[in-house]
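Printed here is input.cif (mmCIF, C-alpha atoms):
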data_data
#
loop_
_atom_site.label_atom_id
_atom_site.label_comp_id
_atom_site.auth_asym_id
_atom_site.auth_seq_id
_atom_site.Cartn_x
_atom_site.Cartn_y
_atom_site.Cartn_z
CA MET A 1 15.20 43.48 47.01
CA ARG A 2 18.94 42.87 47.40
CA ARG A 3 18.64 39.45 45.78
CA LEU A 4 16.91 41.07 42.80
CA LEU A 5 19.69 43.57 42.13
CA PRO A 6 21.77 41.28 39.84
CA LEU A 7 18.64 40.64 37.77
CA ALA A 8 18.05 44.37 37.43
CA LEU A 9 21.67 44.83 36.36
CA ALA A 10 21.19 42.20 33.64
CA THR A 11 18.03 43.81 32.31
CA PHE A 12 19.78 47.21 32.43
CA ALA A 13 22.41 45.89 30.03
CA VAL A 14 19.73 44.46 27.74
CA GLY A 15 17.67 47.65 27.92
CA THR A 16 20.60 49.84 26.99
CA ASP A 17 21.41 47.58 24.05
CA SER A 18 17.79 47.44 22.89
CA TYR A 19 17.17 51.18 23.00
CA VAL A 20 20.51 52.80 22.21
CA ILE A 21 20.65 51.84 18.53
CA ALA A 22 17.64 54.08 17.86
CA GLY A 23 19.56 57.07 19.18
CA LEU A 24 22.59 56.21 17.04
CA LEU A 25 20.80 55.60 13.73
CA PRO A 26 22.15 58.65 11.85
CA ALA A 27 25.75 57.83 12.81
CA ILE A 28 25.34 54.11 12.05
CA ALA A 29 23.67 54.80 8.71
CA ALA A 30 26.48 57.14 7.67
CA ASP A 31 29.24 54.78 8.80
CA LEU A 32 27.71 51.70 7.16
CA ARG A 33 26.73 53.67 4.03
CA VAL A 34 23.03 52.80 4.15
CA SER A 35 19.84 54.86 4.46
CA THR A 36 18.35 55.71 7.84
CA PRO A 37 15.34 53.39 7.29
CA ALA A 38 17.77 50.58 6.37
CA ALA A 39 19.75 51.22 9.54
CA GLY A 40 16.46 51.18 11.43
CA GLN A 41 16.02 47.56 10.39
CA LEU A 42 18.85 46.73 12.80
CA VAL A 43 16.32 47.56 15.51
CA THR A 44 13.57 45.63 13.75
CA VAL A 45 15.62 42.45 13.25
CA PHE A 46 17.03 42.60 16.79
CA ALA A 47 13.54 42.82 18.28
CA LEU A 48 12.08 40.15 16.00
CA VAL A 49 14.85 37.65 16.79
CA MET A 50 14.42 38.33 20.50
CA ALA A 51 10.71 37.61 20.21
CA LEU A 52 11.05 34.39 18.22
CA SER A 53 14.12 32.97 19.94
CA ALA A 54 13.03 33.56 23.55
CA PRO A 55 10.57 30.61 23.80
CA ILE A 56 12.92 28.31 21.86
CA MET A 57 15.95 29.11 24.01
CA GLY A 58 13.78 29.04 27.11
CA ALA A 59 12.76 25.47 26.28
CA LEU A 60 16.35 24.44 25.61
CA THR A 61 17.56 25.88 28.93
CA GLY A 62 14.43 25.15 30.97
CA GLY A 63 16.08 22.29 32.86
CA LEU A 64 18.89 24.52 34.11
CA ASP A 65 18.74 26.55 37.27
CA ARG A 66 18.08 30.21 36.50
CA ARG A 67 21.55 31.36 37.52
CA THR A 68 23.24 29.07 35.00
CA ALA A 69 20.75 29.99 32.28
CA LEU A 70 21.34 33.69 32.88
CA LEU A 71 25.12 33.28 32.75
CA ILE A 72 24.89 31.44 29.42
CA ALA A 73 22.57 34.11 28.05
CA LEU A 74 24.86 36.92 29.18
CA GLY A 75 27.83 35.16 27.53
CA VAL A 76 26.02 35.12 24.19
CA PHE A 77 24.90 38.72 24.73
CA VAL A 78 28.41 39.98 25.45
CA ALA A 79 29.92 38.11 22.49
CA GLY A 80 27.29 39.50 20.12
CA ASN A 81 27.92 43.06 21.23
CA ALA A 82 31.68 42.64 20.87
CA VAL A 83 31.24 41.48 17.26
CA THR A 84 28.85 44.39 16.62
CA ALA A 85 31.44 46.82 17.96
CA LEU A 86 34.06 45.33 15.64
CA GLY A 87 31.77 45.36 12.61
CA THR A 88 32.54 47.61 9.66
CA GLY A 89 29.90 46.37 7.20
CA TYR A 90 26.11 46.32 7.30
CA GLU A 91 25.85 42.55 6.83
CA VAL A 92 28.31 41.74 9.63
CA VAL A 93 26.59 44.14 12.01
CA MET A 94 23.20 42.66 11.16
CA ILE A 95 24.40 39.10 11.88
CA ALA A 96 25.97 40.27 15.14
CA ARG A 97 22.68 41.87 16.19
CA VAL A 98 20.94 38.54 15.55
CA VAL A 99 23.38 36.74 17.89
CA THR A 100 23.03 39.45 20.52
CA ALA A 101 19.25 39.25 20.35
CA VAL A 102 19.28 35.51 21.11
CA GLY A 103 21.10 36.16 24.38
CA ALA A 104 19.02 39.21 25.23
CA GLY A 105 15.74 37.33 24.85
CA MET A 106 16.91 34.65 27.25
CA ILE A 107 17.94 37.26 29.82
CA ASN A 108 14.63 39.09 29.93
CA SER A 109 12.41 36.04 30.36
CA ALA A 110 14.72 34.33 32.86
CA ALA A 111 15.10 37.47 34.96
CA SER A 112 11.36 38.15 35.09
CA SER A 113 10.40 34.58 35.96
CA THR A 114 13.08 34.41 38.65
CA ALA A 115 11.85 37.62 40.24
CA GLY A 116 8.29 36.31 40.25
CA ALA A 117 9.45 33.06 41.89
CA ILE A 118 11.52 34.48 44.76
CA ALA A 119 9.21 37.36 45.70
CA PRO A 120 6.23 36.84 48.07
CA ALA A 121 2.83 37.18 46.40
CA GLU A 122 1.96 40.45 48.14
CA ARG A 123 5.16 42.08 46.83
CA ARG A 124 5.25 40.49 43.40
CA GLY A 125 4.24 43.69 41.61
CA ARG A 126 7.07 45.66 43.19
CA ALA A 127 9.55 42.84 42.55
CA LEU A 128 8.65 42.72 38.86
CA ALA A 129 8.84 46.51 38.70
CA PHE A 130 12.28 46.48 40.32
CA VAL A 131 13.72 43.95 37.90
CA LEU A 132 11.97 45.56 34.95
CA GLY A 133 13.40 48.80 36.33
CA GLY A 134 16.71 47.69 34.85
CA LEU A 135 15.17 48.10 31.40
CA THR A 136 13.59 51.41 32.27
CA ALA A 137 16.68 52.71 34.06
CA ALA A 138 18.53 52.02 30.83
CA THR A 139 16.20 54.44 29.07
CA ALA A 140 16.81 57.06 31.78
CA THR A 141 20.61 56.83 31.95
CA GLY A 142 22.09 54.25 29.60
CA LEU A 143 20.27 55.48 26.51
CA PRO A 144 21.16 59.19 26.65
CA LEU A 145 24.70 58.49 27.87
CA GLY A 146 25.24 55.83 25.22
CA THR A 147 23.88 58.18 22.58
CA LEU A 148 26.27 60.94 23.59
CA ILE A 149 29.23 58.56 23.55
CA GLY A 150 28.16 56.99 20.29
CA ARG A 151 27.81 60.27 18.42
CA ALA A 152 31.61 60.44 18.46
CA ASP A 153 32.00 56.72 17.65
CA TRP A 154 29.02 54.39 17.90
CA HIS A 155 31.33 51.39 18.25
CA VAL A 156 32.40 52.67 21.68
CA THR A 157 28.81 52.49 22.91
CA LEU A 158 28.57 48.82 21.97
CA TRP A 159 31.82 48.10 23.81
CA ALA A 160 30.34 49.81 26.85
CA VAL A 161 27.21 47.66 26.61
CA ALA A 162 29.36 44.52 26.40
CA GLY A 163 31.17 45.66 29.53
CA GLY A 164 27.86 46.17 31.28
CA GLY A 165 26.91 42.60 30.42
CA LEU A 166 30.11 41.33 32.02
CA VAL A 167 29.38 43.26 35.21
CA ALA A 168 25.85 41.83 35.29
CA ALA A 169 27.21 38.30 34.84
CA LEU A 170 29.57 38.77 37.78
CA GLY A 171 26.72 40.04 39.96
CA ILE A 172 24.55 37.03 39.08
CA ALA A 173 27.37 34.53 39.67
CA VAL A 174 28.05 35.99 43.12
CA GLY A 175 24.72 37.31 44.34
CA LEU A 176 21.91 35.16 42.94
CA PRO A 177 20.94 31.93 44.72
CA GLU A 178 20.11 28.80 42.77
CA VAL A 179 16.53 29.00 41.57
CA ARG A 180 14.86 26.07 39.85
CA LEU A 181 11.50 26.38 38.15
CA PRO A 182 9.36 23.76 36.41
CA ALA A 183 10.85 23.01 33.01
CA ALA A 184 8.60 23.34 29.98
CA SER A 185 9.08 22.09 26.44
CA LEU A 186 8.57 24.36 23.45
CA GLY A 187 5.11 22.91 22.93
CA GLU A 188 4.20 23.59 26.54
CA ARG A 189 5.56 27.12 26.28
CA LEU A 190 3.36 27.80 23.29
CA ARG A 191 0.31 25.99 24.68
CA PRO A 192 -1.06 29.10 26.47
CA LEU A 193 -1.53 30.61 22.99
CA LYS A 194 -4.55 28.31 22.69
CA GLU A 195 -6.19 30.29 25.50
CA GLY A 196 -8.15 33.25 24.14
CA ARG A 197 -7.56 35.37 27.24
CA VAL A 198 -3.79 34.96 27.01
CA VAL A 199 -3.72 35.82 23.31
CA ALA A 200 -5.88 38.89 23.95
CA LEU A 201 -3.51 40.23 26.62
CA LEU A 202 -0.45 39.54 24.48
CA ALA A 203 -2.10 41.33 21.55
CA VAL A 204 -2.54 44.44 23.71
CA THR A 205 1.16 44.37 24.62
CA THR A 206 2.16 43.99 20.97
CA LEU A 207 -0.09 46.81 19.78
CA VAL A 208 1.17 49.23 22.44
CA PHE A 209 4.80 48.71 21.51
CA LEU A 210 4.03 48.64 17.79
CA GLY A 211 2.60 52.13 18.17
CA ALA A 212 5.45 53.40 20.34
CA TYR A 213 8.24 52.10 18.11
CA THR A 214 6.71 53.38 14.91
CA LEU A 215 8.00 56.73 16.15
CA TYR A 216 10.70 55.83 18.67
CA THR A 217 12.85 53.81 16.26
CA TYR A 218 13.37 57.03 14.29
CA ILE A 219 13.37 59.44 17.23
CA GLY A 220 16.73 60.97 16.24
CA PRO A 221 15.66 62.19 12.80
CA ALA A 222 12.18 63.03 14.14
CA LEU A 223 13.55 65.49 16.71
CA ARG A 224 16.34 66.97 14.64
CA GLU A 225 14.47 70.25 14.14
CA ALA A 226 13.37 70.49 17.78
CA THR A 227 16.94 70.04 19.03
CA GLY A 228 18.62 72.00 16.24
CA GLY A 229 20.84 69.00 15.57
CA SER A 230 22.49 69.45 18.97
CA GLU A 231 23.68 66.16 20.45
CA PRO A 232 23.50 67.34 24.11
CA LEU A 233 19.95 68.64 23.59
CA PHE A 234 18.91 65.39 21.94
CA ALA A 235 20.40 63.45 24.86
CA ALA A 236 18.45 65.69 27.24
CA VAL A 237 15.20 64.77 25.48
CA LEU A 238 16.08 61.08 25.71
CA LEU A 239 16.83 61.57 29.39
CA ALA A 240 13.42 63.19 29.96
CA TRP A 241 11.73 60.31 28.15
CA GLY A 242 13.74 57.72 30.05
CA VAL A 243 13.11 59.29 33.46
CA GLY A 244 9.42 59.34 32.57
CA VAL A 245 9.48 55.63 31.68
CA LEU A 246 11.27 54.83 34.93
CA ALA A 247 8.78 56.86 36.96
CA GLY A 248 5.84 55.17 35.22
CA ASN A 249 7.32 51.74 35.88
CA LEU A 250 7.84 52.42 39.58
CA VAL A 251 4.36 53.86 40.01
CA ALA A 252 2.87 50.88 38.18
CA GLY A 253 4.48 48.45 40.60
CA ARG A 254 2.73 50.04 43.56
CA LEU A 255 -0.58 50.57 41.79
CA VAL A 256 -1.01 46.96 40.69
CA ASP A 257 -0.46 45.78 44.28
CA ARG A 258 -3.49 47.90 45.28
CA TYR A 259 -5.81 48.12 42.28
CA ASP A 260 -7.06 46.04 39.38
CA PRO A 261 -4.15 45.95 36.88
CA ALA A 262 -6.58 46.35 33.98
CA HIS A 263 -7.82 49.65 35.39
CA VAL A 264 -4.25 50.79 36.04
CA LEU A 265 -3.48 50.39 32.34
CA THR A 266 -6.42 52.29 30.83
CA GLY A 267 -5.47 55.88 31.66
CA PRO A 268 -1.81 55.66 30.54
CA LEU A 269 -2.82 54.20 27.16
CA ALA A 270 -5.16 57.13 26.57
CA VAL A 271 -2.42 59.58 27.54
CA ALA A 272 0.09 57.88 25.26
CA ALA A 273 -2.30 58.05 22.29
CA VAL A 274 -2.90 61.77 22.83
CA ALA A 275 0.81 62.50 23.33
CA LEU A 276 1.73 60.74 20.09
CA ALA A 277 -1.05 62.50 18.18
CA LEU A 278 0.30 65.85 19.38
CA THR A 279 3.88 65.09 18.35
CA PRO A 280 4.02 67.57 15.42
CA VAL A 281 2.73 70.38 17.68
CA ALA A 282 4.37 69.41 20.96
CA THR A 283 7.87 69.20 19.44
CA GLY A 284 7.82 72.74 18.06
CA THR A 285 10.28 74.00 20.68
CA PHE A 286 12.93 72.37 22.81
CA VAL A 287 11.12 73.07 26.10
CA SER A 288 7.80 71.68 24.85
CA THR A 289 9.65 68.65 23.48
CA LEU A 290 11.09 67.92 26.93
CA ALA A 291 7.61 68.03 28.47
CA TRP A 292 6.15 65.90 25.68
CA ALA A 293 8.90 63.28 26.05
CA ALA A 294 8.40 63.04 29.82
CA VAL A 295 4.61 62.63 29.55
CA TRP A 296 4.88 60.00 26.82
CA GLY A 297 7.59 58.21 28.80
CA VAL A 298 5.47 58.00 31.97
CA ALA A 299 2.49 56.64 30.03
CA LEU A 300 4.57 53.98 28.26
CA GLY A 301 6.42 53.08 31.46
CA VAL A 302 3.22 51.97 33.17
CA VAL A 303 2.32 49.37 30.55
CA VAL A 304 4.44 46.27 31.17
CA VAL A 305 3.98 45.66 34.90
CA PRO A 306 0.14 45.49 34.79
CA GLN A 307 0.32 43.21 31.77
CA GLN A 308 2.75 40.88 33.54
CA HIS A 309 0.58 40.89 36.65
CA ARG A 310 -2.56 40.08 34.65
CA LEU A 311 -0.83 37.17 32.93
CA ILE A 312 0.51 35.73 36.20
CA ALA A 313 -2.97 36.00 37.70
CA LEU A 314 -4.31 33.81 34.89
CA GLY A 315 -1.97 30.97 35.88
CA PRO A 316 0.60 31.50 38.67
CA ALA A 317 2.08 28.04 38.12
CA ALA A 318 2.66 28.89 34.44
CA ALA A 319 4.26 32.28 35.23
CA PRO A 320 7.67 31.58 33.56
CA VAL A 321 5.94 30.57 30.32
CA LEU A 322 3.50 33.48 30.36
CA LEU A 323 6.17 36.08 31.13
CA GLY A 324 8.33 34.70 28.34
CA LEU A 325 5.45 35.08 25.92
CA ASN A 326 4.84 38.64 27.11
CA SER A 327 8.50 39.47 26.51
CA SER A 328 8.14 38.08 22.99
CA ALA A 329 4.99 40.16 22.49
CA ILE A 330 6.90 43.31 23.47
CA TYR A 331 9.65 42.68 20.96
CA ILE A 332 7.28 41.64 18.19
CA GLY A 333 5.65 45.04 18.71
CA MET A 334 9.03 46.77 18.58
CA ALA A 335 9.96 44.91 15.41
CA LEU A 336 6.66 45.67 13.68
CA GLY A 337 6.84 49.30 14.80
CA GLY A 338 10.33 49.73 13.38
CA GLY A 339 9.19 48.10 10.15
CA LEU A 340 6.05 50.23 9.93
CA GLY A 341 7.98 53.43 10.52
CA GLY A 342 10.53 52.48 7.88
CA LEU A 343 7.87 51.56 5.32
CA ALA A 344 5.98 54.79 5.98
CA GLN A 345 9.12 56.72 5.09
CA GLU A 346 10.14 54.60 2.11
CA TRP A 347 6.75 53.98 0.51
CA PHE A 348 4.64 56.97 1.53
CA ALA A 349 7.34 59.64 1.96
CA VAL A 350 6.26 60.30 5.56
CA VAL A 351 8.90 62.44 7.24
CA PRO A 352 10.18 61.14 10.62
CA ALA A 353 8.62 64.07 12.51
CA ALA A 354 5.17 63.04 11.25
CA LEU A 355 5.43 59.42 12.42
CA GLY A 356 3.65 60.35 15.66
CA LEU A 357 0.30 60.35 13.84
CA PRO A 358 0.32 56.70 12.68
CA ALA A 359 1.86 55.80 16.04
CA ALA A 360 -1.09 57.46 17.79
CA GLY A 361 -3.53 55.57 15.57
CA VAL A 362 -2.04 52.21 16.51
CA THR A 363 -1.97 53.16 20.20
CA ALA A 364 -5.66 54.16 20.04
CA VAL A 365 -6.44 50.73 18.60
CA ALA A 366 -4.47 49.19 21.48
CA LEU A 367 -6.56 51.19 23.97
CA LEU A 368 -9.86 50.12 22.43
CA TYR A 369 -8.81 46.49 22.32
CA HIS A 370 -7.59 46.69 25.93
CA LEU A 371 -11.03 47.90 27.00
CA THR A 372 -12.56 44.77 25.48
CA THR A 373 -10.08 42.52 27.30
CA ALA A 374 -10.76 44.28 30.61
CA ARG A 375 -14.38 43.18 30.42
CA ARG A 376 -13.58 39.52 29.74
CA ARG A 377 -13.07 36.88 32.40
CA THR A 378 -11.91 33.41 31.42
CA PRO A 379 -10.56 30.39 33.31
CA ALA A 380 -6.96 30.37 34.47
CA VAL A 381 -4.24 28.89 32.31
CA PRO A 382 -3.43 25.28 33.31
CA ARG A 383 -0.03 24.56 34.78
CA PRO A 384 2.49 23.14 32.27
CA SER A 385 3.06 19.42 32.83
#
Structure rendered as structure tokens:
Amino acid sequence: MRRLLPLALATFAVGTDSYVIAGLLPAIAADLRVSTPAAGQLVTVFALVMALSAPIMGALTGGLDRRTALLIALGVFVAGNAVTALGTGYEVVMIARVVTAVGAGMINSAASSTAGAIAPAERRGRALAFVLGGLTAATATGLPLGTLIGRADWHVTLWAVAGGGLVAALGIAVGLPEVRLPAASLGERLRPLKEGRVVALLAVTTLVFLGAYTLYTYIGPALREATGGSEPLFAAVLLAWGVGVLAGNLVAGRLVDRYDPAHVLTGPLAVAAVALALTPVATGTFVSTLAWAAVWGVALGVVVVPQQHRLIALGPAAAPVLLGLNSSAIYIGMALGGGLGGLAQEWFAVVPAALGLPAAGVTAVALLYHLTTARRRTPAVPRPS
């Protein structure tokens, strides 16, 4: 696992950057003089650019060894965050988030594929969970800490994220061996989308995160009453959610090494749907909100590792391509969720605290669709030429 640590550090930086904006929305909206739903589109655009740019940048850097590709990606990531931290206008910040997202998308796919390549088959689930643990650890520590710092000045949080990216780059330059994987063109990277089984699994991933981010993008305003507007209490709720995600991720890594990944996923999706449906009731008090956040976090934390494992099982030789597509599916879901939550507020006057209900509906659809995919068995994905 020591060789995987730099990869986990890189995904930690990306995870903090991806999640922390949601916790800072009220402060960002006020500083940039825009509405909260408009500020929420910073999350939507960031996630959408990550999703769309990841396969393109992966194809452009596919001939490089993974260490070099990760260092380039981290350079773009750090530069984008620095410009975001310096930004004083909505347009400049939006452009900076686009640049940052390009680097972030490269980091996630390269880190996951590298972990899958250097880990033995019998420990692949735990290796993926460890590297992905950087993202989930960011929700447990980076997100609440960054939110607390950013409530005083959100620019400081972005400087901290940029610093984290520099530390990750140093760790990769020093600690990661050269890893070369089969290069794939953009057409080859998108070719698995012709396989019905692959598309079905990616659709499940997208639906799960669409449901989650319908609420999570606006979690600050949604929990304002439960926390009484207290920043430390809000950070405590984020910590409970993040620790839950981390716990779910770690448990998932062990479960998929022992059981059918499709079966591992079913229960957590049902729990997530129920937790989201109970949001208006469960967030009535601070104590109940802590419990609700932890349960929802555990359920969501289980999702990614089984999905990655199922995709790799379809075509081990095409693992880098498939994992890149899964990363794109995650961020498409995040983008659509942020957009749906914003539209619900702008068009239908849904208050943030009530966003758990549409989020639960989408998650229930994800569960039902997952059950149909669990019953299907199709041929493996052919190796990219």
Closest to Ala27 in chain A among A:Val49, A:Ala313, A:Ala152, A:Met94, using only C-alpha atoms?
->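 Under the stated criterion, the closest residue is A:Ala152.
Between Thr206 in chain A and the residues A:Val99, A:Leu86, A:Ala329, A:Val92, the shortest atom-to-atom distance, using only C-alpha atoms, involves A:Ala329.
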Please provide as an MDAnalysis selection string all residues within 12 Å of Tyr213 in chain A, with the sequence filter that same-chain residues fewer than 3 positions apart are discarded (counting only C-alpha atoms).
-> chainID A and resid 18:19 22 40:41 43:44 47 206:210 216:219 276 300 330:342 352 355:356 358:360 362:363
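Selection check: the PyMOL selection byres ((chain A and resi 90) around 12) on the shown file gives A:Ile28, A:Ala29, A:Ala30, A:Asp31, A:Leu32, A:Arg33, A:Val34, A:Ser35, A:Ala38, A:Ala39, A:Gly40, A:Gln41, A:Leu42, A:Thr84, A:Ala85, A:Leu86, A:Gly87, A:Thr88, A:Gly89, A:Glu91, A:Val92, A:Val93, A:Met94, A:Ile95, A:Ala96, A:Arg97.
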Taking the file above as input, evaluate the PyMOL selection byres ((chain A and resi 244) around 9) and report the hits as JSON, numbers by chain.
-> {"A": [136, 140, 239, 240, 241, 242, 243, 245, 246, 247, 248, 249, 293, 294, 295, 296, 297, 298, 299, 300, 301]}
Go ahead and compute the interatomic distance for CA of Ala69 in chain A and CA of Ala110 in chain A, in Å to one decimal.
-> 7.5 Å
Model the absent atoms of range 250-276 of chain A so that N, CA and C atoms are present, and write the result as a compact mmCIF listing (two decimals), in the frame of the given file.
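Saved to result-v3.txt:
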# COMPACT_ATOMS: atom_id res chain seq x y z
N LEU A 250 7.86 52.50 38.12
CA LEU A 250 7.84 52.42 39.58
C LEU A 250 6.44 52.64 40.14
N VAL A 251 5.74 53.61 39.57
CA VAL A 251 4.36 53.86 40.01
C VAL A 251 3.48 52.65 39.71
N ALA A 252 3.67 52.04 38.56
CA ALA A 252 2.87 50.88 38.18
C ALA A 252 3.03 49.75 39.18
N GLY A 253 4.25 49.53 39.65
CA GLY A 253 4.48 48.45 40.60
C GLY A 253 3.66 48.59 41.86
N ARG A 254 3.52 49.81 42.35
CA ARG A 254 2.73 50.04 43.56
C ARG A 254 1.23 50.00 43.26
N LEU A 255 0.85 50.52 42.12
CA LEU A 255 -0.58 50.57 41.79
C LEU A 255 -1.17 49.18 41.62
N VAL A 256 -0.43 48.28 40.95
CA VAL A 256 -1.01 46.96 40.69
C VAL A 256 -1.07 46.11 41.95
N ASP A 257 -0.33 46.48 43.00
CA ASP A 257 -0.46 45.78 44.28
C ASP A 257 -1.69 46.25 45.04
N ARG A 258 -2.33 47.34 44.58
CA ARG A 258 -3.49 47.90 45.28
C ARG A 258 -4.77 47.86 44.45
N TYR A 259 -4.63 47.99 43.13
CA TYR A 259 -5.81 48.12 42.28
C TYR A 259 -5.80 47.07 41.18
N ASP A 260 -6.92 46.94 40.52
CA ASP A 260 -7.06 46.04 39.38
C ASP A 260 -6.07 46.46 38.29
N PRO A 261 -5.14 45.58 37.90
CA PRO A 261 -4.15 45.95 36.88
C PRO A 261 -4.77 46.43 35.57
N ALA A 262 -5.93 45.90 35.21
CA ALA A 262 -6.58 46.35 33.98
C ALA A 262 -6.97 47.81 34.06
N HIS A 263 -7.46 48.24 35.22
CA HIS A 263 -7.82 49.65 35.39
C HIS A 263 -6.59 50.54 35.43
N VAL A 264 -5.50 50.02 35.99
CA VAL A 264 -4.25 50.79 36.04
C VAL A 264 -3.76 51.12 34.64
N LEU A 265 -4.01 50.23 33.69
CA LEU A 265 -3.48 50.39 32.34
C LEU A 265 -4.27 51.36 31.47
N THR A 266 -5.54 51.54 31.74
CA THR A 266 -6.42 52.29 30.83
C THR A 266 -6.00 53.74 30.64
N GLY A 267 -5.82 54.47 31.74
CA GLY A 267 -5.47 55.88 31.66
C GLY A 267 -4.17 56.14 30.91
N PRO A 268 -3.07 55.44 31.25
CA PRO A 268 -1.81 55.66 30.54
C PRO A 268 -1.89 55.41 29.04
N LEU A 269 -2.69 54.43 28.61
CA LEU A 269 -2.82 54.20 27.16
C LEU A 269 -3.50 55.38 26.48
N ALA A 270 -4.49 55.95 27.14
CA ALA A 270 -5.16 57.13 26.57
C ALA A 270 -4.19 58.30 26.49
N VAL A 271 -3.40 58.50 27.54
CA VAL A 271 -2.42 59.58 27.54
C VAL A 271 -1.39 59.38 26.45
N ALA A 272 -0.92 58.15 26.29
CA ALA A 272 0.09 57.88 25.26
C ALA A 272 -0.46 58.17 23.86
N ALA A 273 -1.70 57.79 23.60
CA ALA A 273 -2.30 58.05 22.29
C ALA A 273 -2.38 59.54 22.01
N VAL A 274 -2.79 60.32 23.01
CA VAL A 274 -2.90 61.77 22.83
C VAL A 274 -1.51 62.39 22.63
N ALA A 275 -0.55 61.95 23.44
CA ALA A 275 0.81 62.50 23.33
C ALA A 275 1.39 62.25 21.94
N LEU A 276 1.21 61.05 21.42
CA LEU A 276 1.73 60.74 20.09
C LEU A 276 1.01 61.54 19.02
